[in-house]
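Student: What follows is coords.pdb, made up of PDB, C-alpha atoms:
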```pdb
ATOM      1  CA  MET A   1     -10.394   6.622   1.912  1.00  0.00           C
ATOM      2  CA  PHE A   2      -7.157   6.338   3.893  1.00  0.00           C
ATOM      3  CA  SER A   3      -4.391   8.687   4.979  1.00  0.00           C
ATOM      4  CA  GLY A   4      -1.430   6.391   4.382  1.00  0.00           C
ATOM      5  CA  ILE A   5      -0.471   6.590   8.056  1.00  0.00           C
ATOM      6  CA  VAL A   6      -0.243   2.946   9.100  1.00  0.00           C
ATOM      7  CA  GLN A   7      -1.740   2.368  12.549  1.00  0.00           C
ATOM      8  CA  GLY A   8       0.013  -0.902  13.239  1.00  0.00           C
ATOM      9  CA  LYS A   9       0.985  -4.321  12.010  1.00  0.00           C
ATOM     10  CA  GLY A  10      -1.175  -7.421  11.919  1.00  0.00           C
ATOM     11  CA  LYS A  11      -0.245 -11.080  11.541  1.00  0.00           C
ATOM     12  CA  VAL A  12      -2.080 -13.527   9.296  1.00  0.00           C
ATOM     13  CA  SER A  13      -3.373 -16.254  11.612  1.00  0.00           C
ATOM     14  CA  LYS A  14      -5.424 -18.291   9.157  1.00  0.00           C
ATOM     15  CA  ILE A  15      -5.972 -18.596   5.400  1.00  0.00           C
ATOM     16  CA  THR A  16      -8.745 -20.663   3.878  1.00  0.00           C
ATOM     17  CA  THR A  17      -8.614 -21.217   0.126  1.00  0.00           C
ATOM     18  CA  LYS A  18     -12.003 -21.456  -1.585  1.00  0.00           C
ATOM     19  CA  LYS A  19     -13.095 -22.022  -5.175  1.00  0.00           C
ATOM     20  CA  ASP A  20     -12.923 -18.427  -6.382  1.00  0.00           C
ATOM     21  CA  HIS A  21     -11.442 -16.517  -3.434  1.00  0.00           C
ATOM     22  CA  LEU A  22      -9.687 -16.940  -0.124  1.00  0.00           C
ATOM     23  CA  SER A  23     -10.724 -16.052   3.395  1.00  0.00           C
ATOM     24  CA  CYS A  24      -8.127 -14.434   5.607  1.00  0.00           C
ATOM     25  CA  GLU A  25      -7.990 -13.986   9.378  1.00  0.00           C
ATOM     26  CA  ILE A  26      -5.595 -11.359  10.747  1.00  0.00           C
ATOM     27  CA  SER A  27      -4.638 -10.434  14.306  1.00  0.00           C
ATOM     28  CA  PHE A  28      -4.410  -6.734  15.157  1.00  0.00           C
ATOM     29  CA  PRO A  29      -2.740  -4.354  17.612  1.00  0.00           C
ATOM     30  CA  LYS A  30      -4.535  -3.455  20.832  1.00  0.00           C
ATOM     31  CA  GLY A  31      -7.404  -1.024  20.305  1.00  0.00           C
ATOM     32  CA  PHE A  32      -7.401  -1.295  16.510  1.00  0.00           C
ATOM     33  CA  ASN A  33     -10.914  -2.820  16.483  1.00  0.00           C
ATOM     34  CA  LYS A  34     -12.538  -0.092  18.618  1.00  0.00           C
ATOM     35  CA  ASN A  35     -16.044   0.607  17.261  1.00  0.00           C
ATOM     36  CA  LEU A  36     -15.341  -1.566  14.221  1.00  0.00           C
ATOM     37  CA  LYS A  37     -18.501  -2.611  12.404  1.00  0.00           C
ATOM     38  CA  LYS A  38     -19.249  -5.258   9.821  1.00  0.00           C
ATOM     39  CA  GLY A  39     -18.736  -3.810   6.341  1.00  0.00           C
ATOM     40  CA  ALA A  40     -16.085  -1.308   7.420  1.00  0.00           C
ATOM     41  CA  SER A  41     -13.189  -0.607   5.047  1.00  0.00           C
ATOM     42  CA  ILE A  42      -9.705  -1.507   6.262  1.00  0.00           C
ATOM     43  CA  SER A  43      -6.413  -1.040   4.437  1.00  0.00           C
ATOM     44  CA  VAL A  44      -4.353  -4.250   4.461  1.00  0.00           C
ATOM     45  CA  ASN A  45      -0.924  -3.651   2.894  1.00  0.00           C
ATOM     46  CA  GLY A  46      -2.575  -0.717   1.143  1.00  0.00           C
ATOM     47  CA  VAL A  47      -5.464  -2.782  -0.253  1.00  0.00           C
ATOM     48  CA  CYS A  48      -8.980  -1.699   0.707  1.00  0.00           C
ATOM     49  CA  LEU A  49     -10.771  -4.755   2.136  1.00  0.00           C
ATOM     50  CA  THR A  50     -14.205  -5.110   3.724  1.00  0.00           C
ATOM     51  CA  SER A  51     -14.472  -6.387   7.284  1.00  0.00           C
ATOM     52  CA  LEU A  52     -16.750  -9.442   7.514  1.00  0.00           C
ATOM     53  CA  ASP A  53     -17.624  -8.782  11.176  1.00  0.00           C
ATOM     54  CA  ASP A  54     -16.919  -6.490  14.132  1.00  0.00           C
ATOM     55  CA  GLY A  55     -13.450  -7.953  14.702  1.00  0.00           C
ATOM     56  CA  LYS A  56     -13.884  -8.954  18.330  1.00  0.00           C
ATOM     57  CA  LYS A  57     -11.080 -11.520  18.144  1.00  0.00           C
ATOM     58  CA  ASN A  58      -9.469 -11.123  14.728  1.00  0.00           C
ATOM     59  CA  LEU A  59     -10.062  -9.255  11.484  1.00  0.00           C
ATOM     60  CA  ASN A  60     -11.766 -11.374   8.826  1.00  0.00           C
ATOM     61  CA  PHE A  61     -11.806 -10.727   5.087  1.00  0.00           C
ATOM     62  CA  ASP A  62     -12.701 -12.396   1.807  1.00  0.00           C
ATOM     63  CA  VAL A  63     -10.197 -11.642  -0.970  1.00  0.00           C
ATOM     64  CA  ILE A  64     -11.246 -12.276  -4.571  1.00  0.00           C
ATOM     65  CA  ASP A  65      -9.021 -13.595  -7.359  1.00  0.00           C
ATOM     66  CA  GLU A  66      -8.811 -10.169  -9.052  1.00  0.00           C
ATOM     67  CA  THR A  67      -7.268  -8.657  -5.922  1.00  0.00           C
ATOM     68  CA  LEU A  68      -4.980 -11.638  -5.387  1.00  0.00           C
ATOM     69  CA  SER A  69      -3.622 -11.381  -8.944  1.00  0.00           C
ATOM     70  CA  ARG A  70      -2.983  -7.608  -8.807  1.00  0.00           C
ATOM     71  CA  THR A  71      -1.475  -7.237  -5.318  1.00  0.00           C
ATOM     72  CA  ASN A  72       0.970  -8.929  -2.975  1.00  0.00           C
ATOM     73  CA  LEU A  73      -1.932 -10.355  -0.971  1.00  0.00           C
ATOM     74  CA  GLY A  74      -1.704 -13.350  -3.290  1.00  0.00           C
ATOM     75  CA  SER A  75       1.554 -14.336  -1.601  1.00  0.00           C
ATOM     76  CA  LEU A  76       0.235 -14.145   1.962  1.00  0.00           C
ATOM     77  CA  LYS A  77       0.654 -17.169   4.184  1.00  0.00           C
ATOM     78  CA  GLU A  78       0.057 -17.895   7.847  1.00  0.00           C
ATOM     79  CA  GLY A  79       2.495 -15.785   9.848  1.00  0.00           C
ATOM     80  CA  SER A  80       2.816 -13.031   7.209  1.00  0.00           C
ATOM     81  CA  VAL A  81       2.922  -9.510   8.657  1.00  0.00           C
ATOM     82  CA  VAL A  82       0.726  -6.835   7.056  1.00  0.00           C
ATOM     83  CA  ASN A  83       0.220  -3.096   7.508  1.00  0.00           C
ATOM     84  CA  LEU A  84      -3.180  -2.012   8.844  1.00  0.00           C
ATOM     85  CA  GLU A  85      -5.120   1.257   8.728  1.00  0.00           C
ATOM     86  CA  ARG A  86      -8.756   2.060   9.475  1.00  0.00           C
ATOM     87  CA  SER A  87     -10.575   4.304   7.010  1.00  0.00           C
ATOM     88  CA  ILE A  88     -10.572   8.011   7.824  1.00  0.00           C
ATOM     89  CA  SER A  89     -13.545  10.150   8.809  1.00  0.00           C
ATOM     90  CA  ALA A  90     -14.306  13.746   7.821  1.00  0.00           C
ATOM     91  CA  SER A  91     -12.685  15.003  11.032  1.00  0.00           C
ATOM     92  CA  SER A  92      -9.530  12.893  10.764  1.00  0.00           C
ATOM     93  CA  GLU A  93      -6.113  14.502  10.699  1.00  0.00           C
ATOM     94  CA  ILE A  94      -4.442  13.553   7.419  1.00  0.00           C
ATOM     95  CA  GLY A  95      -0.756  13.243   8.155  1.00  0.00           C
ATOM     96  CA  GLY A  96       0.134  11.566   4.864  1.00  0.00           C
ATOM     97  CA  HIS A  97      -1.874  11.943   1.651  1.00  0.00           C
ATOM     98  CA  LEU A  98      -5.284  10.678   0.588  1.00  0.00           C
ATOM     99  CA  MET A  99      -5.214   7.092  -0.625  1.00  0.00           C
ATOM    100  CA  SER A 100      -8.020   5.002  -2.104  1.00  0.00           C
ATOM    101  CA  GLY A 101      -6.733   1.523  -1.308  1.00  0.00           C
ATOM    102  CA  HIS A 102      -6.757   0.647  -5.019  1.00  0.00           C
ATOM    103  CA  ILE A 103      -3.359  -0.695  -6.062  1.00  0.00           C
ATOM    104  CA  HIS A 104      -1.916   0.351  -9.425  1.00  0.00           C
ATOM    105  CA  PHE A 105       0.860  -2.243  -9.608  1.00  0.00           C
ATOM    106  CA  THR A 106       3.175  -4.443  -7.564  1.00  0.00           C
ATOM    107  CA  GLY A 107       6.779  -3.306  -7.581  1.00  0.00           C
ATOM    108  CA  LYS A 108       9.765  -5.563  -7.055  1.00  0.00           C
ATOM    109  CA  VAL A 109      12.442  -4.360  -4.670  1.00  0.00           C
ATOM    110  CA  LYS A 110      15.714  -3.837  -6.533  1.00  0.00           C
ATOM    111  CA  SER A 111      17.898  -3.314  -3.480  1.00  0.00           C
ATOM    112  CA  CYS A 112      17.875  -2.282   0.176  1.00  0.00           C
ATOM    113  CA  LEU A 113      20.464  -0.330   2.116  1.00  0.00           C
ATOM    114  CA  ASP A 114      20.110  -0.757   5.875  1.00  0.00           C
ATOM    115  CA  LYS A 115      21.820   2.034   7.804  1.00  0.00           C
ATOM    116  CA  ASP A 116      22.141   2.567  11.561  1.00  0.00           C
ATOM    117  CA  SER A 117      18.473   3.484  12.080  1.00  0.00           C
ATOM    118  CA  THR A 118      17.147   4.237   8.592  1.00  0.00           C
ATOM    119  CA  LYS A 119      16.706   2.303   5.381  1.00  0.00           C
ATOM    120  CA  ASP A 120      16.873   3.148   1.669  1.00  0.00           C
ATOM    121  CA  VAL A 121      14.854   0.990  -0.724  1.00  0.00           C
ATOM    122  CA  ALA A 122      14.946   0.977  -4.530  1.00  0.00           C
ATOM    123  CA  ILE A 123      11.757  -0.265  -6.224  1.00  0.00           C
ATOM    124  CA  TYR A 124      11.217  -1.105  -9.897  1.00  0.00           C
ATOM    125  CA  PHE A 125       8.175   0.317 -11.685  1.00  0.00           C
ATOM    126  CA  PRO A 126       6.497  -0.449 -15.058  1.00  0.00           C
ATOM    127  CA  ASN A 127       7.350   2.019 -17.824  1.00  0.00           C
ATOM    128  CA  ASN A 128       3.692   3.024 -18.352  1.00  0.00           C
ATOM    129  CA  PHE A 129       3.643   4.612 -14.887  1.00  0.00           C
ATOM    130  CA  LYS A 130       6.871   6.589 -15.303  1.00  0.00           C
ATOM    131  CA  LYS A 131       5.122   9.917 -15.996  1.00  0.00           C
ATOM    132  CA  TYR A 132       3.446   9.795 -12.567  1.00  0.00           C
ATOM    133  CA  ILE A 133       6.618   9.047 -10.602  1.00  0.00           C
ATOM    134  CA  PHE A 134       8.947  11.950  -9.885  1.00  0.00           C
ATOM    135  CA  GLU A 135      11.222  13.145  -7.088  1.00  0.00           C
ATOM    136  CA  LYS A 136       9.421  14.652  -4.060  1.00  0.00           C
ATOM    137  CA  GLY A 137       6.055  13.308  -5.231  1.00  0.00           C
ATOM    138  CA  TYR A 138       3.763  11.213  -3.024  1.00  0.00           C
ATOM    139  CA  ILE A 139       3.420   7.459  -3.366  1.00  0.00           C
ATOM    140  CA  GLY A 140       1.799   4.649  -1.376  1.00  0.00           C
ATOM    141  CA  ILE A 141       3.914   1.572  -0.563  1.00  0.00           C
ATOM    142  CA  ASN A 142       2.104  -1.277   1.238  1.00  0.00           C
ATOM    143  CA  GLY A 143      -0.338   1.345   2.479  1.00  0.00           C
ATOM    144  CA  CYS A 144       2.343   3.781   3.729  1.00  0.00           C
ATOM    145  CA  SER A 145       2.292   7.369   2.510  1.00  0.00           C
ATOM    146  CA  LEU A 146       5.859   8.142   1.434  1.00  0.00           C
ATOM    147  CA  THR A 147       7.830  10.766  -0.462  1.00  0.00           C
ATOM    148  CA  ILE A 148       9.668   9.622  -3.574  1.00  0.00           C
ATOM    149  CA  GLY A 149      13.426  10.096  -3.635  1.00  0.00           C
ATOM    150  CA  LYS A 150      15.645   9.845  -6.691  1.00  0.00           C
ATOM    151  CA  VAL A 151      14.009   8.413  -9.808  1.00  0.00           C
ATOM    152  CA  SER A 152      15.868   6.529 -12.555  1.00  0.00           C
ATOM    153  CA  LYS A 153      14.590   5.044 -15.825  1.00  0.00           C
ATOM    154  CA  SER A 154      13.234   1.894 -14.183  1.00  0.00           C
ATOM    155  CA  TYR A 155      13.206   2.370 -10.410  1.00  0.00           C
ATOM    156  CA  PHE A 156      12.705   4.933  -7.662  1.00  0.00           C
ATOM    157  CA  LEU A 157      14.079   5.322  -4.153  1.00  0.00           C
ATOM    158  CA  ILE A 158      12.256   5.674  -0.851  1.00  0.00           C
ATOM    159  CA  HIS A 159      13.974   6.642   2.389  1.00  0.00           C
ATOM    160  CA  LEU A 160      12.502   5.161   5.552  1.00  0.00           C
ATOM    161  CA  ILE A 161      12.804   6.839   8.950  1.00  0.00           C
ATOM    162  CA  PRO A 162      13.013   4.925  12.264  1.00  0.00           C
ATOM    163  CA  GLU A 163       9.319   5.535  13.077  1.00  0.00           C
ATOM    164  CA  THR A 164       8.185   4.014   9.773  1.00  0.00           C
ATOM    165  CA  LEU A 165      10.489   1.037  10.242  1.00  0.00           C
ATOM    166  CA  ALA A 166       9.149   0.442  13.747  1.00  0.00           C
ATOM    167  CA  ILE A 167       5.435   0.655  12.898  1.00  0.00           C
ATOM    168  CA  THR A 168       5.258  -0.955   9.441  1.00  0.00           C
ATOM    169  CA  ASN A 169       6.373  -4.118   7.649  1.00  0.00           C
ATOM    170  CA  LEU A 170       8.708  -2.132   5.390  1.00  0.00           C
ATOM    171  CA  SER A 171      11.529  -2.939   7.811  1.00  0.00           C
ATOM    172  CA  ALA A 172      11.413  -6.540   6.548  1.00  0.00           C
ATOM    173  CA  LEU A 173      11.841  -5.657   2.860  1.00  0.00           C
ATOM    174  CA  ILE A 174      14.707  -7.358   1.056  1.00  0.00           C
ATOM    175  CA  SER A 175      15.782  -7.635  -2.572  1.00  0.00           C
ATOM    176  CA  GLU A 176      13.054  -9.283  -4.709  1.00  0.00           C
ATOM    177  CA  SER A 177      10.260  -8.467  -2.205  1.00  0.00           C
ATOM    178  CA  LEU A 178       6.969  -7.441  -3.836  1.00  0.00           C
ATOM    179  CA  VAL A 179       5.255  -4.291  -2.595  1.00  0.00           C
ATOM    180  CA  ASN A 180       1.842  -2.838  -3.380  1.00  0.00           C
ATOM    181  CA  VAL A 181       2.144   0.550  -5.070  1.00  0.00           C
ATOM    182  CA  GLU A 182      -0.607   3.174  -5.266  1.00  0.00           C
ATOM    183  CA  ILE A 183       0.081   6.296  -7.328  1.00  0.00           C
ATOM    184  CA  ASP A 184      -1.149   9.577  -5.847  1.00  0.00           C
ATOM    185  CA  GLN A 185      -4.551  10.365  -7.413  1.00  0.00           C
ATOM    186  CA  ASN A 186      -3.853  14.109  -7.489  1.00  0.00           C
ATOM    187  CA  THR A 187      -0.646  13.459  -9.412  1.00  0.00           C
ATOM    188  CA  ILE A 188      -2.552  11.376 -11.964  1.00  0.00           C
ATOM    189  CA  ALA A 189      -5.191  14.094 -12.378  1.00  0.00           C
ATOM    190  CA  ILE A 190      -2.613  16.869 -12.841  1.00  0.00           C
ATOM    191  CA  VAL A 191      -0.453  14.918 -15.304  1.00  0.00           C
ATOM    192  CA  GLU A 192      -3.410  13.843 -17.430  1.00  0.00           C
ATOM    193  CA  THR A 193      -4.936  17.358 -17.404  1.00  0.00           C
ATOM    194  CA  VAL A 194      -1.644  18.856 -18.597  1.00  0.00           C
ATOM    195  CA  GLU A 195      -1.360  16.196 -21.316  1.00  0.00           C
ATOM    196  CA  LYS A 196      -4.888  16.910 -22.566  1.00  0.00           C
ATOM    197  CA  THR A 197      -4.281  20.675 -22.508  1.00  0.00           C
ATOM    198  CA  LEU A 198      -1.061  20.354 -24.501  1.00  0.00           C
ATOM    199  CA  ALA A 199      -2.696  17.975 -26.969  1.00  0.00           C
ATOM    200  CA  ALA A 200      -5.588  20.429 -27.485  1.00  0.00           C
ATOM    201  CA  GLN A 201      -3.165  23.287 -28.130  1.00  0.00           C
ATOM    202  CA  LYS A 202      -1.432  21.270 -30.846  1.00  0.00           C
ATOM    203  CA  SER A 203      -4.636  20.333 -32.636  1.00  0.00           C
TER     204      SER A 203
END
```
Could you rewrite the structure in this file as structure tokens?
Tutor:
Amino acid sequence: MFSGIVQGKGKVSKITTKKDHLSCEISFPKGFNKNLKKGASISVNGVCLTSLDDGKKNLNFDVIDETLSRTNLGSLKEGSVVNLERSISASSEIGGHLMSGHIHFTGKVKSCLDKDSTKDVAIYFPNNFKKYIFEKGYIGINGCSLTIGKVSKSYFLIHLIPETLAITNLSALISESLVNVEIDQNTIAIVETVEKTLAAQKS
């Protein structure tokens, strides 16, 4: 599990394409690999990946075709910047909201409004996820825990503060960018429970 509080940015230093997956090597910020062990879970742009080693020099991952087809990791290239977060422990402070690292869909950026020190981003979403997306709800964007702003029929807004822009790769978003979107699991559970309750009352 993750908190959605990105700990830093990494840069893709090497990609090796194999028959049914790719191997990816990513640099990391100082101290990120402290006590890292082989098999540890790391969020990369919000995607839960398994570390292949203890990350002494770089982080190393294998990414299967299923993940590549469902997330923006399929468009990574050498030099790409990604958001990184180590998995949380039972004693961790959760400053964002609990995230699983399982992406629900990739959203295309409709537009960006860069202000003096903040940024507003509009992101399209598929219609089948509309019931889970509402103003002031939680959402994960490239592994960042964010609060949803205004919601229209086909897109929602997020408002990025200077700290988020400084620490994450969301500062580089432009129109047509693809972002990984994870819906809040509590929101899904509540919505589906209410739906089932209402359906039972009608039957």
Student: Closest to Tyr138 in chain A among A:Arg86, A:Ser3, A:Gly107, A:Pro126, using only C-alpha atoms?
Tutor: A:Ser3
Student: Just so the selection is clear, what residues does the PyMOL selection byres ((chain A and resi 10) around 6) cover here, as a ChimeraX atom specification?
Tutor: /A:9,11,27-28,81-82
Student: Written as an MDAnalysis selection string, which residues does the PyMOL selection byres ((chain A and resi 142) around 12) give for the file shown?
Tutor: chainID A and resid 4:6 9 43:48 71:73 81:85 99 101:107 139:141 143:146 164 168:173 177:183
Student: Hey, can you check how far CA of Ile88 in chain A sits from CA of Ser41 in chain A?
Tutor: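 These two atoms are separated by 9.4 Å.
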Student: Excluding Lys19 in chain A and residues on its chain fewer than 2 positions from it, collect all residues at most 12 Å away from it, counting all atoms listed in the file, and give them as a PyMOL selection string.
Tutor: chain A and resi 16-17+21-23+62-65
